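Q: Data: model.cif, mmCIF, C-alpha atoms.
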data_model
loop_
_atom_site.label_atom_id
_atom_site.label_comp_id
_atom_site.auth_asym_id
_atom_site.auth_seq_id
_atom_site.Cartn_x
_atom_site.Cartn_y
_atom_site.Cartn_z
CA MET G 13 0.00 0.00 0.00
CA PHE G 14 2.71 2.47 1.02
CA PHE G 15 4.81 1.56 -2.04
CA LEU G 16 1.91 2.25 -4.42
CA CYS G 17 1.21 5.58 -2.72
CA ASP G 18 4.84 6.59 -3.16
CA MET G 19 4.81 5.57 -6.85
CA VAL G 20 1.70 7.64 -7.54
CA LEU G 21 3.27 10.67 -5.92
CA LEU G 22 6.56 10.23 -7.75
CA HIS G 23 4.65 10.08 -11.04
CA ARG G 24 2.90 13.35 -10.26
CA ARG G 25 6.01 15.34 -9.35
CA LYS G 26 5.97 17.72 -12.32
CA ASP G 27 6.06 21.09 -10.56
CA ASN G 28 7.13 22.79 -7.35
CA SER G 29 4.08 21.47 -5.51
CA HIS G 30 5.47 17.92 -5.37
CA ARG G 31 6.97 18.43 -1.90
CA GLU G 32 3.62 19.51 -0.50
CA LYS G 33 1.93 16.45 -2.05
CA TYR G 34 4.64 14.15 -0.75
CA GLY G 35 4.31 15.80 2.64
CA TYR G 36 0.64 14.87 2.65
CA MET G 37 1.60 11.25 2.12
CA ASP G 38 3.99 11.32 5.09
CA ALA G 39 1.09 12.34 7.30
CA ILE G 40 -1.32 9.88 5.71
CA LYS G 41 1.13 7.02 6.22
CA VAL G 42 1.44 7.61 9.94
CA LEU G 43 -2.34 7.96 10.30
CA ILE G 44 -2.82 4.63 8.51
CA ILE G 45 -0.26 2.99 10.79
CA PHE G 46 -1.97 4.37 13.86
CA VAL G 47 -5.39 3.16 12.72
CA PHE G 48 -3.82 -0.26 12.14
CA MET G 49 -2.50 -0.25 15.70
CA LEU G 50 -5.87 0.82 17.10
CA LEU G 51 -7.49 -2.12 15.31
CA LEU G 52 -4.93 -4.48 16.83
CA ILE G 53 -5.78 -3.25 20.33
CA PHE G 54 -9.54 -2.67 20.16
CA LYS G 55 -10.70 -5.29 17.64
CA PHE G 56 -8.11 -8.05 17.81
CA LYS G 57 -7.28 -7.58 21.54
CA ARG G 58 -3.53 -7.72 20.99
CA SER G 59 -1.20 -6.69 23.81
CA LEU G 60 0.65 -3.37 23.74
CA THR G 61 3.94 -5.23 23.29
CA VAL G 62 2.72 -6.94 20.11
CA THR G 63 0.92 -3.80 18.88
CA PHE G 64 3.91 -1.49 19.20
CA ALA G 65 6.35 -4.09 17.91
CA LEU G 66 4.24 -4.39 14.75
CA GLY G 67 3.88 -0.61 14.70
CA CYS G 68 7.67 -0.25 14.66
CA ILE G 69 7.91 -2.70 11.76
CA ALA G 70 5.18 -0.81 9.89
CA VAL G 71 6.96 2.54 10.33
CA ALA G 72 10.28 1.08 9.21
CA ALA G 73 8.64 -0.41 6.11
CA ALA G 74 6.49 2.63 5.26
CA TYR G 75 9.36 5.08 5.50
CA ARG G 76 11.93 2.66 4.06
CA PHE G 77 14.38 2.65 6.93
CA GLU G 78 17.67 0.98 6.15
CA PRO G 79 17.89 -2.24 8.24
CA VAL G 80 21.10 -1.18 9.97
CA ALA G 81 19.76 2.32 10.66
CA ALA G 82 16.49 0.89 12.02
CA ALA G 83 18.33 -1.52 14.30
CA THR G 84 20.67 1.21 15.51
CA LEU G 85 17.80 3.58 16.26
CA ALA G 86 15.93 0.82 18.12
CA PHE G 87 19.01 -0.03 20.16
CA ASN G 88 19.71 3.61 21.03
CA SER G 89 16.09 4.12 22.04
CA ALA G 90 15.90 0.95 24.15
CA PHE G 91 19.08 1.82 26.04
CA SER G 92 18.66 5.58 26.20
CA LYS G 93 18.75 7.58 29.42
CA SER G 94 15.05 8.47 29.13
CA THR G 95 14.04 4.81 28.72
CA PHE G 96 16.13 3.84 31.72
CA ALA G 97 14.63 6.70 33.74
CA ILE G 98 11.03 5.65 33.02
CA ILE G 99 11.70 2.01 33.93
CA ALA G 100 13.68 3.04 37.03
CA ILE G 101 10.90 5.38 38.15
CA TYR G 102 8.27 2.66 37.85
CA TYR G 103 10.48 0.14 39.66
CA THR G 104 11.46 2.42 42.55
CA VAL G 105 7.96 3.82 43.08
CA THR G 106 6.51 0.29 43.01
CA PHE G 107 9.15 -0.73 45.56
CA LEU G 108 8.18 2.19 47.81
CA GLN G 109 4.48 1.40 47.43
CA LYS G 110 5.06 -2.17 48.60
CA MET G 111 6.97 -0.91 51.64
CA MET G 112 4.14 1.51 52.46
CA GLU G 113 1.60 -1.28 52.17
CA VAL G 114 3.58 -3.50 54.56
CA LYS G 115 3.59 -0.72 57.17
CA GLY G 116 -0.10 -0.03 56.61
CA HIS G 117 0.44 3.52 55.40
CA ILE G 118 -1.66 3.08 52.25
CA SER G 119 -4.58 1.88 54.39
CA LEU G 120 -3.93 4.68 56.87
CA ALA G 121 -4.09 7.25 54.08
CA GLU G 122 -7.35 5.72 52.87
CA ASP G 123 -8.86 5.82 56.38
CA ALA G 124 -7.69 9.41 56.83
CA LEU G 125 -9.23 10.56 53.55
CA LEU G 126 -12.50 8.81 54.33
CA GLY G 127 -12.47 10.39 57.79
CA ILE G 128 -11.91 13.85 56.33
CA THR G 129 -14.47 13.63 53.52
CA ASN G 130 -16.81 10.86 54.75
CA ASN G 131 -17.33 10.22 51.03
CA LYS G 132 -15.74 7.42 49.00
CA ARG G 133 -16.17 9.24 45.70
CA ILE G 134 -14.38 12.40 46.81
CA SER G 135 -11.67 10.41 48.57
CA ALA G 136 -11.04 8.35 45.43
CA GLU G 137 -10.81 11.54 43.36
CA VAL G 138 -8.50 13.39 45.75
CA ALA G 139 -6.02 10.54 46.30
CA PRO G 140 -4.75 10.28 42.68
CA MET G 141 -4.71 14.07 42.33
CA CYS G 142 -2.46 14.35 45.39
CA VAL G 143 0.11 11.88 44.08
CA GLY G 144 -0.38 13.37 40.60
CA MET G 145 1.67 16.33 41.78
CA MET G 146 4.62 13.97 41.48
CA PRO G 147 5.92 14.50 37.90
CA SER G 148 6.43 10.81 37.30
CA PRO G 149 4.68 7.92 35.53
CA GLY G 150 5.16 5.95 38.73
CA ALA G 151 2.60 8.16 40.49
CA VAL G 152 -0.16 5.97 39.03
CA VAL G 153 1.11 3.09 41.17
CA LEU G 154 0.63 4.98 44.43
CA GLY G 155 -2.64 6.51 43.25
CA GLY G 156 -3.87 3.10 42.15
CA ALA G 157 -2.98 1.57 45.52
CA MET G 158 -5.00 4.21 47.34
CA VAL G 159 -8.02 3.95 45.04
CA ASN G 160 -7.84 0.18 45.33
CA SER G 161 -7.81 0.48 49.11
CA ILE G 162 -10.78 2.87 49.15
CA TYR G 163 -13.10 0.81 46.95
CA LYS G 164 -11.67 -2.68 47.48
CA ASP G 165 -13.98 -5.23 45.78
CA SER G 166 -17.05 -2.97 45.62
CA VAL G 167 -15.94 -1.49 42.28
CA SER G 168 -14.50 -3.26 39.23
CA ASN G 169 -10.82 -2.99 38.37
CA GLU G 170 -11.79 -1.27 35.10
CA ASP G 171 -13.56 1.49 37.06
CA LYS G 172 -10.72 1.84 39.56
CA ASN G 173 -8.29 2.06 36.65
CA PHE G 174 -10.26 4.95 35.14
CA ILE G 175 -10.48 6.80 38.46
CA THR G 176 -6.73 6.46 39.02
CA SER G 177 -5.68 7.49 35.51
CA PHE G 178 -8.19 10.32 34.99
CA PHE G 179 -7.75 12.12 38.30
CA ARG G 180 -4.00 11.45 38.57
CA HIS G 181 -3.54 13.47 35.35
CA VAL G 182 -5.53 16.53 36.45
CA PRO G 183 -2.41 18.27 37.87
CA GLU G 184 -0.53 17.49 34.65
CA SER G 185 -2.94 19.72 32.72
CA PHE G 186 -1.69 22.92 34.34
CA ALA G 187 1.06 22.44 36.97
CA PRO G 188 4.35 24.10 35.88
CA ILE G 189 6.32 21.22 37.42
CA TYR G 190 5.70 19.15 34.29
CA GLY G 191 8.12 19.41 31.40
CA SER G 192 5.39 19.73 28.77
CA VAL G 193 3.86 22.75 30.56
CA ILE G 194 7.25 24.43 31.07
CA LEU G 195 8.21 23.88 27.42
CA ALA G 196 4.88 25.19 26.13
CA CYS G 197 5.13 28.39 28.21
CA GLU G 198 8.72 28.96 27.09
CA LEU G 199 7.94 28.50 23.40
CA ALA G 200 4.85 30.71 23.54
CA LYS G 201 6.58 33.35 25.71
CA VAL G 202 3.68 33.20 28.17
CA PRO G 203 4.39 33.57 31.93
CA ALA G 204 3.69 30.34 33.79
CA GLY G 205 1.64 32.20 36.41
CA ASP G 206 -0.60 33.71 33.75
CA PHE G 207 -1.05 30.29 32.15
CA VAL G 208 -1.99 28.66 35.47
CA LEU G 209 -4.50 31.43 36.25
CA HIS G 210 -6.27 30.93 32.93
CA MET G 211 -6.20 27.15 33.36
CA LEU G 212 -8.01 27.07 36.71
CA PRO G 213 -11.55 27.16 35.23
CA LEU G 214 -10.62 24.27 32.91
CA VAL G 215 -9.22 22.27 35.81
CA ALA G 216 -12.51 22.77 37.64
CA ILE G 217 -14.44 21.69 34.53
CA LEU G 218 -12.28 18.58 34.20
CA ILE G 219 -12.92 17.52 37.80
CA ILE G 220 -16.64 18.27 37.54
CA LEU G 221 -16.97 16.24 34.34
CA GLY G 222 -15.15 13.30 35.89
CA HIS G 223 -17.38 13.48 38.95
CA PHE G 224 -20.76 13.87 37.26
CA MET G 225 -20.18 11.79 34.14
CA PHE G 226 -18.52 8.86 35.93
CA MET G 227 -18.18 8.98 39.70
CA ARG G 228 -21.83 9.67 40.51
CA ARG G 229 -22.80 6.09 39.71
CA LEU G 230 -20.29 4.68 42.18
CA PRO G 231 -20.99 4.20 45.90
CA LYS G 232 -20.14 7.14 48.15
CA GLU G 233 -21.24 5.89 51.58
CA THR G 234 -18.41 5.02 53.94
CA GLY G 235 -20.54 3.51 56.68
CA LEU G 236 -18.77 5.80 59.14
CA PRO G 237 -20.35 8.50 61.31
CA ALA G 238 -19.52 12.09 60.42
CA LYS G 239 -16.64 13.47 62.48
CA LYS G 240 -16.59 16.87 64.13
CA ASN G 241 -12.84 16.84 64.73
CA ARG G 242 -10.92 16.04 61.55
CA LEU G 243 -7.52 17.13 62.84
CA PRO G 244 -6.40 13.56 63.75
CA ASP G 245 -7.27 12.39 60.24
CA ILE G 246 -5.33 15.27 58.69
CA LYS G 247 -2.33 14.31 60.82
CA ASN G 248 -2.66 10.66 59.79
CA LEU G 249 -2.85 11.66 56.13
CA LEU G 250 0.39 13.63 56.44
CA LEU G 251 2.01 10.82 58.41
CA SER G 252 1.09 8.21 55.82
CA LEU G 253 1.95 10.21 52.70
CA TRP G 254 5.10 12.02 53.81
CA PRO G 255 7.28 9.93 51.43
CA VAL G 256 5.23 11.19 48.48
CA ALA G 257 5.34 14.76 49.79
CA VAL G 258 9.13 14.59 50.14
CA ILE G 259 9.55 13.27 46.59
CA ILE G 260 7.35 16.04 45.17
CA ALA G 261 9.10 18.77 47.18
CA VAL G 262 12.64 17.65 46.33
CA VAL G 263 11.92 17.19 42.62
CA MET G 264 10.26 20.61 42.40
CA ALA G 265 13.12 22.28 44.28
CA THR G 266 16.08 20.58 42.62
CA ASN G 267 14.99 18.91 39.34
CA ILE G 268 16.88 15.77 40.38
CA ASP G 269 15.65 12.66 38.56
CA VAL G 270 12.57 11.21 40.25
CA TYR G 271 14.00 7.72 40.59
CA LEU G 272 17.10 9.05 42.41
CA VAL G 273 14.91 10.99 44.83
CA THR G 274 12.72 7.92 45.32
CA ILE G 275 15.76 5.78 46.20
CA PHE G 276 16.76 8.42 48.75
CA VAL G 277 13.25 8.37 50.26
CA ILE G 278 13.23 4.55 50.32
CA VAL G 279 16.43 4.57 52.38
CA ILE G 280 14.99 7.10 54.84
CA TYR G 281 11.70 5.19 55.00
CA PHE G 282 13.59 1.95 55.64
CA PHE G 283 15.34 3.29 58.74
CA ALA G 284 12.48 5.49 59.95
CA ASN G 285 10.13 2.48 60.04
CA ARG G 286 12.76 0.04 61.35
CA PHE G 287 12.62 -2.40 58.48
CA LYS G 288 14.83 -5.44 58.36
CA PHE G 289 16.46 -6.44 55.10
CA ALA G 290 14.48 -9.69 55.15
CA ASP G 291 11.28 -7.58 55.10
CA ILE G 292 12.09 -5.91 51.81
CA LYS G 293 14.09 -8.66 50.09
CA PRO G 294 11.06 -10.02 48.16
CA PHE G 295 10.36 -6.56 46.74
CA PHE G 296 13.58 -6.49 44.72
CA ARG G 297 12.05 -9.17 42.53
CA SER G 298 8.31 -8.45 42.79
CA ALA G 299 8.78 -4.77 41.79
CA PHE G 300 10.49 -5.95 38.59
CA GLU G 301 7.94 -6.83 35.89
CA PRO G 302 9.46 -7.90 32.54
CA LYS G 303 6.19 -7.50 30.59
CA ILE G 304 5.89 -3.87 31.63
CA ILE G 305 9.52 -3.19 30.76
CA LEU G 306 9.22 -4.81 27.35
CA SER G 307 6.04 -2.91 26.48
CA THR G 308 7.60 0.36 27.66
CA VAL G 309 10.66 -0.20 25.46
CA PHE G 310 8.57 -0.86 22.33
CA ILE G 311 6.39 2.22 22.98
CA LEU G 312 9.48 4.41 23.22
CA ILE G 313 11.10 2.84 20.14
CA PHE G 314 7.89 3.53 18.18
CA LYS G 315 7.94 7.18 19.25
CA ASP G 316 11.58 7.55 18.21
CA TYR G 317 10.85 5.89 14.85
CA ILE G 318 8.02 8.37 14.22
CA MET G 319 10.16 11.32 15.26
CA ASN G 320 12.81 10.24 12.73
CA THR G 321 10.37 10.66 9.86
CA ASP G 322 8.76 13.80 8.45
CA ALA G 323 5.34 12.60 9.58
CA VAL G 324 4.78 15.02 12.47
CA GLU G 325 6.05 18.05 10.55
CA SER G 326 3.71 17.13 7.68
CA LEU G 327 0.56 17.06 9.82
CA PRO G 328 0.09 20.86 9.59
CA ARG G 329 0.30 20.65 5.80
CA LEU G 330 -2.30 17.89 5.75
CA PHE G 331 -4.84 19.77 7.86
CA SER G 332 -4.09 23.33 6.68
CA SER G 333 -6.20 22.86 3.56
CA MET G 334 -9.33 22.28 5.65
CA PRO G 335 -11.93 25.12 5.42
CA LEU G 336 -11.74 25.89 9.15
CA PRO G 337 -10.53 28.82 11.29
CA ASP G 338 -6.85 28.71 12.21
CA TYR G 339 -7.52 27.97 15.89
CA LEU G 340 -9.59 24.89 14.97
CA ILE G 341 -6.97 23.66 12.50
CA PHE G 342 -4.25 23.90 15.13
CA SER G 343 -6.55 22.27 17.69
CA ILE G 344 -6.89 19.27 15.37
CA ILE G 345 -3.16 19.22 14.69
CA PHE G 346 -2.33 19.26 18.41
CA PHE G 347 -4.90 16.58 19.23
CA VAL G 348 -3.89 14.19 16.45
CA GLY G 349 -0.19 14.87 16.88
CA SER G 350 -0.33 14.29 20.64
CA VAL G 351 -2.17 11.01 20.22
CA ILE G 352 0.59 9.78 17.94
CA VAL G 353 3.85 11.19 19.37
CA GLY G 354 2.94 12.85 22.66
CA SER G 355 2.25 16.37 23.89
CA THR G 356 5.89 17.43 24.33
CA ALA G 357 6.87 16.58 20.77
CA ILE G 358 3.86 18.28 19.19
CA ALA G 359 4.40 21.36 21.38
CA ALA G 360 8.01 21.69 20.22
CA ILE G 361 6.93 21.49 16.59
CA GLY G 362 3.49 23.09 16.64
CA ILE G 363 3.67 26.06 19.02
CA PRO G 364 6.21 28.11 16.99
CA LEU G 365 4.15 27.44 13.86
CA ALA G 366 0.88 28.32 15.60
CA TYR G 367 2.22 31.63 16.91
CA ALA G 368 3.74 32.48 13.53
CA THR G 369 0.29 31.99 12.03
CA MET G 370 -1.56 33.68 14.92
CA PRO G 371 0.97 36.16 16.38
CA ASP G 372 -1.62 37.75 18.67
CA GLY G 373 -2.66 34.39 20.12
CA GLY G 374 -1.26 35.16 23.57
CA THR G 375 -2.27 33.13 26.61
CA PRO G 376 -5.68 32.02 25.21
CA LEU G 377 -4.04 30.25 22.27
CA LEU G 378 -1.55 28.50 24.54
CA VAL G 379 -4.37 27.40 26.85
CA LEU G 380 -6.29 26.00 23.87
CA LEU G 381 -3.40 24.12 22.28
CA SER G 382 -1.72 22.79 25.42
CA THR G 383 -5.04 21.61 26.86
CA MET G 384 -6.01 20.00 23.57
CA ALA G 385 -2.72 18.12 23.68
CA PHE G 386 -3.38 17.13 27.30
CA ALA G 387 -6.85 15.86 26.39
CA ALA G 388 -5.46 13.81 23.52
CA MET G 389 -2.93 12.14 25.81
CA GLN G 390 -5.76 10.76 27.94
CA VAL G 391 -6.94 8.62 25.02
CA SER G 392 -3.59 7.80 23.43
CA ILE G 393 -2.34 4.22 23.34
CA SER G 394 1.22 5.57 23.37
CA HIS G 395 0.75 7.30 26.74
CA ILE G 396 2.97 5.40 29.17
CA CYS G 397 0.87 6.26 32.24
CA LEU G 398 -2.27 4.68 30.78
CA PHE G 399 -0.35 1.48 30.21
CA LEU G 400 1.20 1.47 33.69
CA SER G 401 -2.13 2.13 35.39
CA SER G 402 -3.82 -0.63 33.38
CA ALA G 403 -0.94 -3.00 34.17
CA TYR G 404 -1.35 -2.27 37.89
CA PHE G 405 -5.05 -3.18 37.80
CA LYS G 406 -4.46 -6.01 35.29
CA VAL G 407 -6.98 -4.71 32.76
CA GLU G 408 -6.80 -3.76 29.07
CA VAL G 409 -5.80 -0.25 28.05
CA ALA G 410 -8.67 -0.37 25.55
CA SER G 411 -11.24 -0.43 28.38
CA LEU G 412 -9.64 2.65 29.95
CA ILE G 413 -9.67 4.59 26.69
CA LYS G 414 -13.32 3.66 26.01
CA LYS G 415 -14.35 5.02 29.41
CA THR G 416 -12.32 8.19 28.90
CA ILE G 417 -13.45 9.15 25.37
CA PRO G 418 -16.96 10.47 26.28
CA ILE G 419 -15.62 12.77 29.01
CA ILE G 420 -12.73 14.02 26.88
CA THR G 421 -15.10 14.71 23.97
CA VAL G 422 -17.31 16.94 26.13
CA PHE G 423 -14.22 18.54 27.68
CA CYS G 424 -12.78 19.45 24.27
CA ALA G 425 -16.08 21.05 23.22
CA LEU G 426 -16.11 23.14 26.41
CA LEU G 427 -12.43 23.96 25.89
CA ILE G 428 -13.14 25.51 22.49
CA ALA G 429 -16.06 27.46 23.97
CA TYR G 430 -13.78 28.68 26.77
CA TYR G 431 -11.14 29.76 24.24
CA LEU G 432 -13.71 31.79 22.31
CA LEU G 433 -14.85 33.36 25.57
CA LEU G 434 -11.27 34.37 26.37
CA VAL G 435 -10.72 35.81 22.91
CA HIS G 436 -13.99 37.72 22.76
CA GLY G 437 -14.03 38.73 26.42
CA PRO G 438 -10.53 40.23 26.98
CA GLY G 439 -11.61 42.06 30.13
CA LEU G 440 -12.65 38.83 31.86
CA PHE G 441 -9.23 38.19 33.46
CA ALA G 442 -7.99 41.78 33.49
#
So that I can check it, write out the structure of this file as structure tokens.

A:
Amino acid sequence: MFFLCDMVLLHRRKDNSHREKYGYMDAIKVLIIFVFMLLLIFKFKRSLTVTFALGCIAVAAAYRFEPVAAATLAFNSAFSKSTFAIIAIYYTVTFLQKMMEVKGHISLAEDALLGITNNKRISAEVAPMCVGMMPSPGAVVLGGAMVNSIYKDSVSNEDKNFITSFFRHVPESFAPIYGSVILACELAKVPAGDFVLHMLPLVAILIILGHFMFMRRLPKETGLPAKKNRLPDIKNLLLSLWPVAVIIAVVMATNIDVYLVTIFVIVIYFFANRFKFADIKPFFRSAFEPKIILSTVFILIFKDYIMNTDAVESLPRLFSSMPLPDYLIFSIIFFVGSVIVGSTAIAAIGIPLAYATMPDGGTPLLVLLSTMAFAAMQVSISHICLFLSSAYFKVEVASLIKKTIPIITVFCALLIAYYLLLVHGPGLFA
């Protein structure tokens, strides 16, 4: 199929427009590959390892990678610092989570949240958002453990997976501790404080949608009497989650790699809670999960393969011919691009182009594009966090994406309405 497409384009290269036409085909190829991968996951129920392995092969074939170059790129990706960091983060955070479970601190945090809120729904929403302030894929492990402890067997693993993933990512939409947010603000020359201020209504909308479109059907009763004095529960919450708080604080203050900070916290936690080596010895093996590592490696190789083609750069050319306003065209570009290669990559490529096209875009344009990218990541099969959360609950990523799509669809519609309100109501945030 790809060979025939190339031959048709080569035959038509008779004027200066051939590059534009060939650029279209670069974008179409990657869209075809991604649809193929979606079919593997949703229709044929293939694992992420198989899906992304075949996706890598498809990209190499479609873009005619030389075998040696393809193998070299795959090797460099598999053994890169970023790949090691992601795997190390998941391993160390899982290790810490197991230690916290042994000491009963996960259960203590659950009891404290339930005591403070006297509402299972709110507690299950707040827990992942708290750990979501940790700029790490491993945060889904701690969030998942707390949600699992709150609902136990009264809610399906598919539902607990959605709660963990959806609410854990709320802070990632606006917090300037995440690389994607920092990069977007830098490229758009928008102050981070101004961006956060404009994002607050969208954060509220996101939480409200998650609550009313999903959480309302889940049980909220705790079976506990309402408490007049919540101070002991607040103290217990701080006591149980101090390792997470330390990780967040140190990473925000120093930018040291999360896994290094987590190792440091594990050592402190070990001595503070008087562990014996025999207590933690099983965790060295149980925190290591080969299937998760293998899937992670193939996802990252696929992303590097895509980034070594002209596919992402050609997406604007593909969509620019659509009879739509510029802000809608770039919204589509950021959504589709983020689904395929991630929000950081599309921001690096798309924001300079967007602001060259719309030089007066200011903060509203950045809010629109960065949030559209964030929304896309919540339904992307290449989003590492979705995979890690699903692996923790032992459910399919497909079920998580299916539950997320309706909420994200409504959220994107409200996002566009909010953007238009910002543009046509400049005095609103003056």

Q: Please provide the set of residues having any atom within 9 Å of range 365-377 of chain G, restricted to all atoms listed in the file, with same-chain residues fewer than 5 positions apart removed, written as a PyMOL selection string.

A: chain G and resi 197+200-203+206-207+210+328+338-339+342+382+430-432+434-435

Q: Taking (6.4, -3.6, 25.9) in the coordinates of the supplied file, I want to know which residues reach to within 10 Å of it, counting only C-alpha atoms; could you give the answer as an MDAnalysis selection string?

A: chainID G and resid 59:65 302:313 399

Q: Where's the centre, and what are the edge lengths in Å to one decimal, of a box along x, y and z enclosing all listed atoms of range 89-101 of chain G padded 6 Å per side, as AutoDock Vina command-line options?

A:
--center_x 15.0 --center_y 4.7 --center_z 30.1 --size_x 20.2 --size_y 19.5 --size_z 28.1

Q: Within 12 Å of (15.0, 13.3, 39.7) in the file's own coordinates, which protein, DNA or RNA residues have an atom, counting only C-alpha atoms? List them as a PDB file with C-alpha atoms, in the coordinates of the input.

A:
ATOM      1  CA  SER G  94      15.050   8.470  29.130  1.00  0.00           C
ATOM      2  CA  ALA G  97      14.630   6.700  33.740  1.00  0.00           C
ATOM      3  CA  ILE G  98      11.030   5.650  33.020  1.00  0.00           C
ATOM      4  CA  ALA G 100      13.680   3.040  37.030  1.00  0.00           C
ATOM      5  CA  ILE G 101      10.900   5.380  38.150  1.00  0.00           C
ATOM      6  CA  THR G 104      11.460   2.420  42.550  1.00  0.00           C
ATOM      7  CA  MET G 146       4.620  13.970  41.480  1.00  0.00           C
ATOM      8  CA  PRO G 147       5.920  14.500  37.900  1.00  0.00           C
ATOM      9  CA  SER G 148       6.430  10.810  37.300  1.00  0.00           C
ATOM     10  CA  ILE G 189       6.320  21.220  37.420  1.00  0.00           C
ATOM     11  CA  ILE G 259       9.550  13.270  46.590  1.00  0.00           C
ATOM     12  CA  ILE G 260       7.350  16.040  45.170  1.00  0.00           C
ATOM     13  CA  ALA G 261       9.100  18.770  47.180  1.00  0.00           C
ATOM     14  CA  VAL G 262      12.640  17.650  46.330  1.00  0.00           C
ATOM     15  CA  VAL G 263      11.920  17.190  42.620  1.00  0.00           C
ATOM     16  CA  MET G 264      10.260  20.610  42.400  1.00  0.00           C
ATOM     17  CA  ALA G 265      13.120  22.280  44.280  1.00  0.00           C
ATOM     18  CA  THR G 266      16.080  20.580  42.620  1.00  0.00           C
ATOM     19  CA  ASN G 267      14.990  18.910  39.340  1.00  0.00           C
ATOM     20  CA  ILE G 268      16.880  15.770  40.380  1.00  0.00           C
ATOM     21  CA  ASP G 269      15.650  12.660  38.560  1.00  0.00           C
ATOM     22  CA  VAL G 270      12.570  11.210  40.250  1.00  0.00           C
ATOM     23  CA  TYR G 271      14.000   7.720  40.590  1.00  0.00           C
ATOM     24  CA  LEU G 272      17.100   9.050  42.410  1.00  0.00           C
ATOM     25  CA  VAL G 273      14.910  10.990  44.830  1.00  0.00           C
ATOM     26  CA  THR G 274      12.720   7.920  45.320  1.00  0.00           C
ATOM     27  CA  ILE G 275      15.760   5.780  46.200  1.00  0.00           C
ATOM     28  CA  PHE G 276      16.760   8.420  48.750  1.00  0.00           C
ATOM     29  CA  VAL G 277      13.250   8.370  50.260  1.00  0.00           C
TER      30      VAL G 277
END

Q: Can you translate the PyMOL selection byres ((chain G and resi 393-396) around 8) into the concrete residues it hits in this file, as a PyMOL selection string?

A: chain G and resi 50+149+308+311+351-354+389-392+397-400+409

Q: Store the residues of this selection in a file with C-alpha atoms, as a PDB file, in the coordinates of the input.

A:
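Result saved to part22.pdb:
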ATOM      1  CA  LEU G  50      -5.870   0.820  17.100  1.00  0.00           C
ATOM      2  CA  PRO G 149       4.680   7.920  35.530  1.00  0.00           C
ATOM      3  CA  THR G 308       7.600   0.360  27.660  1.00  0.00           C
ATOM      4  CA  ILE G 311       6.390   2.220  22.980  1.00  0.00           C
ATOM      5  CA  VAL G 351      -2.170  11.010  20.220  1.00  0.00           C
ATOM      6  CA  ILE G 352       0.590   9.780  17.940  1.00  0.00           C
ATOM      7  CA  VAL G 353       3.850  11.190  19.370  1.00  0.00           C
ATOM      8  CA  GLY G 354       2.940  12.850  22.660  1.00  0.00           C
ATOM      9  CA  MET G 389      -2.930  12.140  25.810  1.00  0.00           C
ATOM     10  CA  GLN G 390      -5.760  10.760  27.940  1.00  0.00           C
ATOM     11  CA  VAL G 391      -6.940   8.620  25.020  1.00  0.00           C
ATOM     12  CA  SER G 392      -3.590   7.800  23.430  1.00  0.00           C
ATOM     13  CA  CYS G 397       0.870   6.260  32.240  1.00  0.00           C
ATOM     14  CA  LEU G 398      -2.270   4.680  30.780  1.00  0.00           C
ATOM     15  CA  PHE G 399      -0.350   1.480  30.210  1.00  0.00           C
ATOM     16  CA  LEU G 400       1.200   1.470  33.690  1.00  0.00           C
ATOM     17  CA  VAL G 409      -5.800  -0.250  28.050  1.00  0.00           C
TER      18      VAL G 409
END

Q: Tell me which of G:Leu412, G:Glu113, G:Ala425, G:Pro364 sits closest to Leu199 in chain G, counting only C-alpha atoms.

A: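 Closest candidate: G:Pro364.
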
Q: Let me make sure I understand: among G:Asn88, G:Leu120, G:Gly349, G:Thr421, which one has the smallest atom-to-atom distance to Leu327 in chain G if we use all atoms listed in the file?

A: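 Result for the nearest residue to Leu327 in chain G: G:Gly349.
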
Q: Here is a test: counting all atoms listed in the file, which residue of G:Ile99, G:Leu433, G:Ala39, G:Met49 is nearest to Phe314 in chain G?

A: G:Met49

Q: Show me, as a list in words, the residues that have an atom within 9 Å of Ala151 in chain G when counting all atoms listed in the file, minus same-chain residues fewer than 6 positions from it.

A: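 Non-adjacent residues within range: Tyr102, Val105, Pro140, Val143, Gly144, Met145, Arg180, Val256 and Cys397 of chain G.
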
Q: Between G:Asp291, G:Glu325, G:Glu301, G:Glu78, which has the minimum distance to Ala357 in chain G (counting only C-alpha atoms)?

A: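 Of all the options, G:Glu325 lies closest to Ala357 in chain G.
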
Q: Kindly give the distance, in Å, that separates CA of Ala157 in chain G and CA of Gln109 in chain G, rounded to a single decimal.

A: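 Atom-to-atom, CA of Ala157 in chain G and CA of Gln109 in chain G are spaced 7.7 Å apart.
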
Q: Carefully work through the PyMOL selection byres ((chain G and resi 236-251) around 10) for this structure and note down the residues it includes, as a PyMOL selection string.

A: chain G and resi 117-118+120-131+233-235+252-257

Q: Restricting the calculation to only C-alpha atoms: of G:Phe295, G:Phe346, G:Phe179, G:Tyr404, which residue gets closest to Val114 in chain G?

A: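 Using only C-alpha atoms, the shortest distance to Val114 in chain G belongs to G:Phe295.
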
Q: Quick test: take range 380-389 of chain G, keep C-alpha atoms, and write it as a short mmCIF file (atom, residue, chain, number, x, y, z; two decimals), in the first residue's frame.

A:
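As a result, part_37.cif now contains:
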data_model
loop_
_atom_site.label_atom_id
_atom_site.label_comp_id
_atom_site.auth_asym_id
_atom_site.auth_seq_id
_atom_site.Cartn_x
_atom_site.Cartn_y
_atom_site.Cartn_z
CA LEU G 380 -6.29 26.00 23.87
CA LEU G 381 -3.40 24.12 22.28
CA SER G 382 -1.72 22.79 25.42
CA THR G 383 -5.04 21.61 26.86
CA MET G 384 -6.01 20.00 23.57
CA ALA G 385 -2.72 18.12 23.68
CA PHE G 386 -3.38 17.13 27.30
CA ALA G 387 -6.85 15.86 26.39
CA ALA G 388 -5.46 13.81 23.52
CA MET G 389 -2.93 12.14 25.81
#
